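Asks: What follows is a single structure, and I will ask about it in a moment.
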Amino acid sequence: PPQADASRNQGGRLTSTGRMLSQLPVDVRFARMLAEAKRHGVVREVAAIVAGLSIQDPRERPLEKRPQADQQHARFVDPSSDFVTLLNLWNHLEKEQRERSSSAFRRMCKAEYLNYLRVREWHDLYRQILRAAKPLGLVPGNPSTDADAIHRSLLAGLLSRLGMRDREKRDFLGARGQRFQVFPGSALAKKTPEFVMAAELVETSRLFARTVAAIDPAWAEKLAGDLAKRSYSEPHWAKKQGSAVAFERVTLFGLPIVARRTVQLGRIDPLEARELFLRNALIEGDWPFVIRGNGLYDFDRANRRLRDELGEVEERTRRRDILADDETMIDFYDARIPREITDVRAFERWWKDTRASTPDLLTMTRADLLDEGIDETLDPDAFPDRLHGFALRYRFEPGAPDDGVTVEIPVERLAAVDGAPFEWLVPGLREELITALLKALPKALRKNVVPAADWARRLLPTLNLDEPVLPALAAAIRTATHTVVDPAAFELDRVSANLRMTYAAVDRSGKRLGSSKSLSELRERFAEKTRATVAKVTAKATPGRELERADLTTWDLDTLPAVVEAGGVRGFPALVDAGSSVAVRVFATEEEAATAHPRGVLRLLALTVPNPVSYVRDHLTDAEKLALAASPYPSTAALWDDALLVTLAAATGSRAPRDRAAFEALRTEVSAGLLDALFDTVALIAKVLTAAREVDRTITAASSLAFMGPLTDARGQLEALVHPGFAGIAGVARLRRMPVYLAGLLHRVARLADNPGRDRSWQTEVEQGENLYLDAGGTLPLTTATPARLAEVRWMLEELRLSLFAQHLGAAGPVSVPRIRKALA
């Protein structure tokens with residue numbers, strides 16, 4: 001106990017150690033060293049060191065013989081302790097004195113630069129100390145080489161002479177804020193131990209420590225007893241230990257001898273340790289690994305399952321007042337678990353006996369976790385787990401990308417799923433969605449449906465949930481208020497993100513691959529992943545035969561099925577144009593296959609029919625050659641390849657065979673008139689290119705800041721008509737119509753100055769149609785991947801321009817923005 005290491009106990013009476021110190025005729029510090037030496041069995045060594053410290057140093061360094069003296073004294077130096085150096089000298093003198101006569105010993109001392117009188121004084125004092133100490137049981141034993149035992153004994157009397165290295169200031173911090181350096185004559189002067197003890201501190205030019213040794217500061221803590229001051233900080237839960245811990249700092253006379261030691265908080269502050277146990281182990285589930293199974297008790301699993309259920313209710317209903325807070329759960333456990341339980345081990349011992357009689361003591365009910373007045377029932381139909389066969393996930397975290405409702409769509413079904421039903425969210429959120437959409441109308445329209453919440457309740461039963469939400473809501477408003485509302489008028493950026501469905505693509509194991517508020521954006525991002533997954537799954541439908549292949553130059557398959565199905569997934573095989581060959585690919589949607597397959601058939605025909613390109617190229621007129629040379633194609637070869645495909649497409653019409661016999665018949669049919677047809681196609685392409693060059697020159701000549709807007713629009717129209725690959729994308733029928741479109745564009749530019757306001761009005765109308773087309777997924781210029789339904793609308797835009805800017809040329813049938821909207825719908 002600490003009292004055994006002090007001279008007086010708490011009552012002010014001398015202890016046994018104190019009585020021993022009072023009977024030793026030496027400085028009390030030295031007496032304490034001798035008392036401690038008895039415990040470690042180094043009385044002889046400590047007595048010799050104490051006697052040596054009590055006299056003047058016997059080593060001499062004459063000025064004229066200093067190098068020789070240092071050489072002699074260096075034999076005894078211990079690199080880590082001046083005390084051991086002194087003991088080494090004592091052992092040497094004792095040995096020599098036994099072996100030499102008195103005069104020989106005197107001569108040896110002189111030769112080794114040792115003061116003989118001081119050596120005699122050292123020996124005399126050593127014997128006197130041992131005689132005085134003998135009645136106290138301090139009897140010297142056999143010589144010892146245990147340096148740690150010697151230093152521990154010495155440290156008992158030098159606790160106030162400790163020093164800790166300061167790396168920044170390059171000195172030592174001692175007790176009570178003292179700073180000192182090791183005396184230059186010490187063996188440790190050039191070394192940098194972390195902790196030292198010194199026999200004395202001498203102030204000359206500065207404060208120096210003389211006779212020092214490197215020590216372990218842990219020794220001082222045990223020796224100091226009540227002199228060591230302890231402070232605790234950063235109480236926290238240690239999962240591996242299964243208990244609350246804190247960091248202990250131990251100082252001795254202001255010097256930190258233990259900087260940061262982990263200790264059990266339960267021994268220091270049981271109340272805080274208990275709270276940390278309840279909060280971390282029971283509430284947070286931070287159990288140590290020693291718990292069997294999955295780390296939880298039966299009651300813990302049940303309580304967490306109940307909390308998850310109620311937490312899911314909060315996520316779905318977007319409320320934070322349903323589930324009780326952590327303090328309520330802490331109060332629940334605190335009332336049932338004994339007060340002395342502060343860690344997992346104590347809890348295990350208690351619960352092992354308690355659960356046998358009351359197994360449900362720590363199991364919570366819904367009433368324990370629900371705040372008062374909260375209705376604990378939830379309509380499962382309002383917030384379902386699945387919608388249209390797909391799993392739903394709910395999250396209530398404003399600002400998060402998936403805040404709100406997320407529908408998880410298997411990636412192989414991503415391309416085929418209809419997004420319209422998901423725009424309505426779930427029944428529990430539809431009224432809020434309609435309210436938000438009504439508020440997102442422009443003021444001129446919004447004033448007809450205020451207050452929005454009342455109108456939302458009124459309109460909701462009349463809505464057609466099978467249609468996309470915006471057209472359906474616009475139609476309902478028109479029916480109820482006789483106000484025409486364009487679905488594009490809703491300002492969706494004003495609708496909270498949680499009221500728009502989040503679409504997530506998941507793989508076949510359920511792992512989420514990515515998510516987006518836009519289903520079309522998600523489809524585009526995972527288009528190849530979707531196609532590859534569909535192909536992999538449906539490969540089981542054709543066992544023993546690999547359906548997907550590449551590098552085909554002839555029809556080497558009997559029949560290419562229109563659809564394959566396996567595992568509830570449908571795939572649509574098609575031939576794909578790969579440039580110098582064709583490939584068989586399985587698509588996720590019938591529309592994709594229908595777009596790709598005709599192009600693949602055309603490529604395979606081009607590879608198998610006699611090629612007339614060389615002959616036609618050699619028999620063109622100079623004007624045609626000049627026009628073709630100025631095409632936007634990257635090369636002449638690419639232009640001729642496209643011309644051949646266009647010609648074949650015109651000859652085949654809408655036929656795209658899927659079996660060998662039909663393909664061979666079609667190949668024989670188109671080969672007959674291919675030469676003349678190619679001449680006609682090339683002549684048509686040359687005519688289009690000549691007209692486009694004239695339009696380009698006219699736009700350039702009309703360049704003016706006043707007409708910058710319409711001229712920019714005209715330039716964009718020209719580039720969308722004539723671009724790399726335009727012939728193959730347009731087809732012969734559209735190529736025949738294209739000179740009319742270019743003539744209309746030329747007429748617009750030529751008449752631009754006549755009525756700029758009217759032109760601006762017509763351009764606005766065209767832009768409305770273009771925006772509808774682009775929002776539906778169309779592109780300008782058109783591409784080979786554009787579905788046929790969107791390609792038809794793209795050419796309606798050109799007819800709309802003719803009907804507005806060049807009416808005298810005549811549009812191919814009635815066309816308007818509402819008709820474009822209807823075609824897209």
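Following the order of the structure tokens, chains are lettered A, B, ..., residues in each are numbered from 1, and ligands are numbered from 1.
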Within 12 Å of Thr668 (chain A), counting only C-alpha atoms, which residues show up once you throw out same-chain ones fewer than 6 positions away? Write them as a list in words, please.
Replies: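 The residues satisfying every condition are Leu605, Thr608, Val609, Pro610, Leu648, Ala651, Thr652, Ala661, Ala662 and Leu674 of chain A.
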Asks: With a distance cut-off of 9 Å and only C-alpha atoms, select the neighbouring residues of Val449 (chain A), excluding the residue or stretch itself and same-chain residues fewer than 6 positions from it, and output the selection as a ChimeraX atom specification.
Replies: /A:438-439,455-456,477,481
Asks: Given the choices A:Leu370, A:Phe726, A:Gly242, A:Tyr116, which gets closest to Leu310 (chain A) if the distance is worked out from only C-alpha atoms?
Replies: A:Leu370
Asks: Pick out the residues sitting within 8 Å of Trp237 (chain A), and hand them over as a list of chain:residue names; count only C-alpha atoms, and ignore anything fewer than 4 positions along from it in its own chain.
Replies: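 Within the cut-off, the hits are A:Gly242, A:Ser243, A:Ala244, A:Val245, A:Leu276, A:Phe277, A:Asn280.
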Asks: Generate a file of the selected residues that holds N, CA and C atoms, formatted as a compact mmCIF listing (two decimals), in the first residue's frame.
Replies:
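Writing done, so here's selection-v6.txt:
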# COMPACT_ATOMS: atom_id res chain seq x y z
N GLY A 242 -15.16 -4.62 -23.70
CA GLY A 242 -16.52 -4.73 -23.21
C GLY A 242 -16.77 -3.89 -21.98
N SER A 243 -16.09 -2.75 -21.89
CA SER A 243 -16.26 -1.88 -20.72
C SER A 243 -15.90 -0.46 -21.08
N ALA A 244 -16.28 0.46 -20.21
CA ALA A 244 -15.92 1.86 -20.39
C ALA A 244 -14.52 2.08 -19.83
N VAL A 245 -13.73 2.84 -20.54
CA VAL A 245 -12.37 3.13 -20.11
C VAL A 245 -12.12 4.62 -20.20
N LEU A 276 -22.23 4.66 -20.08
CA LEU A 276 -21.56 4.30 -21.33
C LEU A 276 -21.87 2.86 -21.71
N PHE A 277 -21.95 1.98 -20.73
CA PHE A 277 -22.30 0.59 -21.00
C PHE A 277 -23.71 0.48 -21.58
N ASN A 280 -23.77 2.29 -25.21
CA ASN A 280 -22.98 1.71 -26.29
C ASN A 280 -23.29 0.23 -26.51
Asks: Applying 12 Å and only C-alpha atoms, which residues near region 103-107 of chain A remain after dropping the ones on its own chain fewer than 3 positions away? List them as a list in words.
Replies: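 Non-adjacent residues within range: His92, Leu93, Glu94, Lys95, Glu96, Gln97, Arg98, Glu99, Arg100, Lys110, Ala111, Glu112, Tyr113, Leu114, Asn115, Tyr116, Leu117, Arg118, Val119 and Arg120 of chain A.
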Asks: Taking 2 positions as the minimum chain separation for residues in the same chain, which residues sit within 9 Å of region 535-551 of chain A when counting only C-alpha atoms? Answer as a PyMOL selection string.
Replies: chain A and resi 412+530-533+553+560+564-567+569-573+578+580-588
Asks: Among the residues of region 343-428 of chain A, find those DSSP assigns to alpha helix (DSSP H) from the backbone and print them as a PyMOL selection string.
Replies: chain A and resi 344-357+366-369+427-428
Asks: Quick one: write out the picked residues with C-alpha atoms as a PDB file, in the first residue's frame?
Replies:
ATOM      1  CA  VAL A 344     -20.270  -6.593 -20.272  1.00  0.00           C
ATOM      2  CA  ARG A 345     -18.623  -9.205 -18.042  1.00  0.00           C
ATOM      3  CA  ALA A 346     -20.649  -8.161 -15.019  1.00  0.00           C
ATOM      4  CA  PHE A 347     -23.778  -8.071 -17.177  1.00  0.00           C
ATOM      5  CA  GLU A 348     -23.138 -11.590 -18.497  1.00  0.00           C
ATOM      6  CA  ARG A 349     -22.795 -12.979 -15.006  1.00  0.00           C
ATOM      7  CA  TRP A 350     -26.022 -11.285 -13.864  1.00  0.00           C
ATOM      8  CA  TRP A 351     -28.067 -12.085 -16.973  1.00  0.00           C
ATOM      9  CA  LYS A 352     -27.033 -15.747 -16.974  1.00  0.00           C
ATOM     10  CA  ASP A 353     -28.942 -16.234 -13.706  1.00  0.00           C
ATOM     11  CA  THR A 354     -31.726 -13.685 -14.278  1.00  0.00           C
ATOM     12  CA  ARG A 355     -32.969 -14.835 -17.688  1.00  0.00           C
ATOM     13  CA  ALA A 356     -33.703 -18.297 -16.315  1.00  0.00           C
ATOM     14  CA  SER A 357     -36.524 -16.828 -14.206  1.00  0.00           C
ATOM     15  CA  ARG A 366     -44.093  -1.223 -29.024  1.00  0.00           C
ATOM     16  CA  ALA A 367     -45.556   0.690 -26.088  1.00  0.00           C
ATOM     17  CA  ASP A 368     -42.055   1.087 -24.611  1.00  0.00           C
ATOM     18  CA  LEU A 369     -40.692   2.652 -27.819  1.00  0.00           C
ATOM     19  CA  PRO A 427     -50.704   5.865 -52.376  1.00  0.00           C
ATOM     20  CA  GLY A 428     -49.572   7.444 -49.113  1.00  0.00           C
TER      21      GLY A 428
END
Asks: List every residue of region 542-789 of chain A that DSSP, applied to the backbone of this structure, assigns to strand (DSSP E), and report them as a PyMOL selection string.
Replies: chain A and resi 549-552+564-566+569-577+582-587
Asks: With only C-alpha atoms as the basis for distance, which of A:Val77, A:Leu188, A:Ala391, A:Ala750 is at the shortest distance from Val506 (chain A)?
Replies: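 The shortest atom-to-atom distance to Val506 (chain A) comes from A:Ala391.
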Asks: Any idea what's packed within 8 Å of region 81-88 of chain A, counting only C-alpha atoms, ignoring anything in its chain fewer than 2 positions away? Could you give it as a ChimeraX atom specification?
Replies: /A:45,48-49,52,76-79,90-92,147,186-188,211-214
Asks: Export, as a PDB file, in the first residue's frame, the selected residues with N, CA, C and O atoms.
Replies:
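Contents of out28.pdb, freshly written:
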ATOM      1  N   GLU A  45      25.629  -2.705  -2.822  1.00  0.00           N
ATOM      2  CA  GLU A  45      25.860  -1.786  -3.940  1.00  0.00           C
ATOM      3  C   GLU A  45      25.327  -0.391  -3.632  1.00  0.00           C
ATOM      4  O   GLU A  45      26.010   0.618  -3.877  1.00  0.00           O
ATOM      5  N   ALA A  48      27.526   1.400  -1.086  1.00  0.00           N
ATOM      6  CA  ALA A  48      28.759   1.909  -1.696  1.00  0.00           C
ATOM      7  C   ALA A  48      28.473   3.193  -2.466  1.00  0.00           C
ATOM      8  O   ALA A  48      29.241   4.164  -2.413  1.00  0.00           O
ATOM      9  N   ILE A  49      27.351   3.222  -3.208  1.00  0.00           N
ATOM     10  CA  ILE A  49      27.011   4.421  -3.988  1.00  0.00           C
ATOM     11  C   ILE A  49      26.657   5.571  -3.067  1.00  0.00           C
ATOM     12  O   ILE A  49      27.074   6.716  -3.278  1.00  0.00           O
ATOM     13  N   GLY A  52      29.742   6.964  -1.676  1.00  0.00           N
ATOM     14  CA  GLY A  52      30.465   7.720  -2.700  1.00  0.00           C
ATOM     15  C   GLY A  52      29.847   9.077  -2.964  1.00  0.00           C
ATOM     16  O   GLY A  52      30.548  10.052  -3.255  1.00  0.00           O
ATOM     17  N   PHE A  76      35.856   2.662 -16.166  1.00  0.00           N
ATOM     18  CA  PHE A  76      34.753   2.364 -15.259  1.00  0.00           C
ATOM     19  C   PHE A  76      33.411   2.925 -15.761  1.00  0.00           C
ATOM     20  O   PHE A  76      32.376   2.707 -15.125  1.00  0.00           O
ATOM     21  N   VAL A  77      33.443   3.632 -16.878  1.00  0.00           N
ATOM     22  CA  VAL A  77      32.241   4.356 -17.326  1.00  0.00           C
ATOM     23  C   VAL A  77      31.168   3.379 -17.802  1.00  0.00           C
ATOM     24  O   VAL A  77      31.436   2.466 -18.595  1.00  0.00           O
ATOM     25  N   ASP A  78      29.962   3.565 -17.293  1.00  0.00           N
ATOM     26  CA  ASP A  78      28.778   2.859 -17.804  1.00  0.00           C
ATOM     27  C   ASP A  78      28.005   3.856 -18.676  1.00  0.00           C
ATOM     28  O   ASP A  78      27.676   4.957 -18.213  1.00  0.00           O
ATOM     29  N   PRO A  79      27.694   3.534 -19.924  1.00  0.00           N
ATOM     30  CA  PRO A  79      27.095   4.535 -20.834  1.00  0.00           C
ATOM     31  C   PRO A  79      25.696   4.986 -20.445  1.00  0.00           C
ATOM     32  O   PRO A  79      25.233   6.015 -20.930  1.00  0.00           O
ATOM     33  N   TRP A  90      34.122   1.555  -7.361  1.00  0.00           N
ATOM     34  CA  TRP A  90      34.178   0.969  -6.009  1.00  0.00           C
ATOM     35  C   TRP A  90      34.617  -0.498  -6.065  1.00  0.00           C
ATOM     36  O   TRP A  90      35.464  -0.936  -5.287  1.00  0.00           O
ATOM     37  N   ASN A  91      34.036  -1.245  -6.978  1.00  0.00           N
ATOM     38  CA  ASN A  91      34.398  -2.664  -7.107  1.00  0.00           C
ATOM     39  C   ASN A  91      35.879  -2.819  -7.461  1.00  0.00           C
ATOM     40  O   ASN A  91      36.570  -3.711  -6.958  1.00  0.00           O
ATOM     41  N   HIS A  92      36.380  -1.931  -8.313  1.00  0.00           N
ATOM     42  CA  HIS A  92      37.790  -1.967  -8.704  1.00  0.00           C
ATOM     43  C   HIS A  92      38.691  -1.681  -7.496  1.00  0.00           C
ATOM     44  O   HIS A  92      39.679  -2.394  -7.249  1.00  0.00           O
ATOM     45  N   ALA A 147      21.332  -3.981 -12.459  1.00  0.00           N
ATOM     46  CA  ALA A 147      21.333  -2.517 -12.531  1.00  0.00           C
ATOM     47  C   ALA A 147      19.944  -1.949 -12.254  1.00  0.00           C
ATOM     48  O   ALA A 147      19.815  -0.881 -11.633  1.00  0.00           O
ATOM     49  N   SER A 186      29.241  14.039 -17.650  1.00  0.00           N
ATOM     50  CA  SER A 186      28.519  12.782 -17.463  1.00  0.00           C
ATOM     51  C   SER A 186      28.604  11.924 -18.725  1.00  0.00           C
ATOM     52  O   SER A 186      28.719  12.430 -19.847  1.00  0.00           O
ATOM     53  N   ALA A 187      28.517  10.598 -18.533  1.00  0.00           N
ATOM     54  CA  ALA A 187      28.502   9.673 -19.670  1.00  0.00           C
ATOM     55  C   ALA A 187      27.238   9.837 -20.497  1.00  0.00           C
ATOM     56  O   ALA A 187      27.182   9.404 -21.651  1.00  0.00           O
ATOM     57  N   LEU A 188      26.194  10.454 -19.950  1.00  0.00           N
ATOM     58  CA  LEU A 188      24.928  10.618 -20.653  1.00  0.00           C
ATOM     59  C   LEU A 188      24.804  11.984 -21.319  1.00  0.00           C
ATOM     60  O   LEU A 188      23.754  12.314 -21.855  1.00  0.00           O
ATOM     61  N   THR A 211      25.729  13.389 -11.856  1.00  0.00           N
ATOM     62  CA  THR A 211      25.571  11.972 -11.510  1.00  0.00           C
ATOM     63  C   THR A 211      24.143  11.541 -11.853  1.00  0.00           C
ATOM     64  O   THR A 211      23.230  11.529 -11.014  1.00  0.00           O
ATOM     65  N   VAL A 212      23.928  11.215 -13.120  1.00  0.00           N
ATOM     66  CA  VAL A 212      22.593  10.907 -13.621  1.00  0.00           C
ATOM     67  C   VAL A 212      22.559   9.475 -14.158  1.00  0.00           C
ATOM     68  O   VAL A 212      23.599   8.851 -14.403  1.00  0.00           O
ATOM     69  N   ALA A 213      21.342   8.993 -14.358  1.00  0.00           N
ATOM     70  CA  ALA A 213      21.135   7.658 -14.928  1.00  0.00           C
ATOM     71  C   ALA A 213      19.818   7.650 -15.687  1.00  0.00           C
ATOM     72  O   ALA A 213      18.849   8.330 -15.295  1.00  0.00           O
ATOM     73  N   ALA A 214      19.776   6.871 -16.761  1.00  0.00           N
ATOM     74  CA  ALA A 214      18.529   6.683 -17.498  1.00  0.00           C
ATOM     75  C   ALA A 214      17.657   5.697 -16.738  1.00  0.00           C
ATOM     76  O   ALA A 214      18.138   4.671 -16.251  1.00  0.00           O
TER      77      ALA A 214
END
Asks: Can you work out which one of A:Arg494, A:Arg736, A:Lys229, A:His597 has the shortest atom-to-atom distance to Pro787 (chain A), counting only C-alpha atoms?
Replies: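 Looking only at the distances to Pro787 (chain A), the closest residue turns out to be A:His597.
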Asks: May I ask for the distance between CA of Pro193 (chain A) and CA of Arg170 (chain A), given in Å to one decimal place?
Replies: 11.4 Å
Asks: Find, counting only C-alpha atoms, the residue in A:Arg512, A:Arg523, A:Arg458, A:Lys447 that gets nearest to Thr483 (chain A).
Replies: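 Ranking A:Arg512, A:Arg523, A:Arg458, A:Lys447 by distance to Thr483 (chain A), first place goes to A:Lys447.
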Asks: Go through A:Val28, A:Val263, A:Ala791, A:Leu675 one by one, measure the shortest atom-to-atom distance of each to Tyr615 (chain A) using only C-alpha atoms, and give the residue with the smallest value.
Replies: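 Comparing A:Val28, A:Val263, A:Ala791, A:Leu675 against Tyr615 (chain A), the winner is A:Leu675.
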Asks: From the set A:Leu473, A:Val766, A:Met329, A:Leu425, which residue has the shortest atom-to-atom contact distance to Asn498 (chain A), counting only C-alpha atoms?
Replies: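 The shortest atom-to-atom distance to Asn498 (chain A) comes from A:Leu425.
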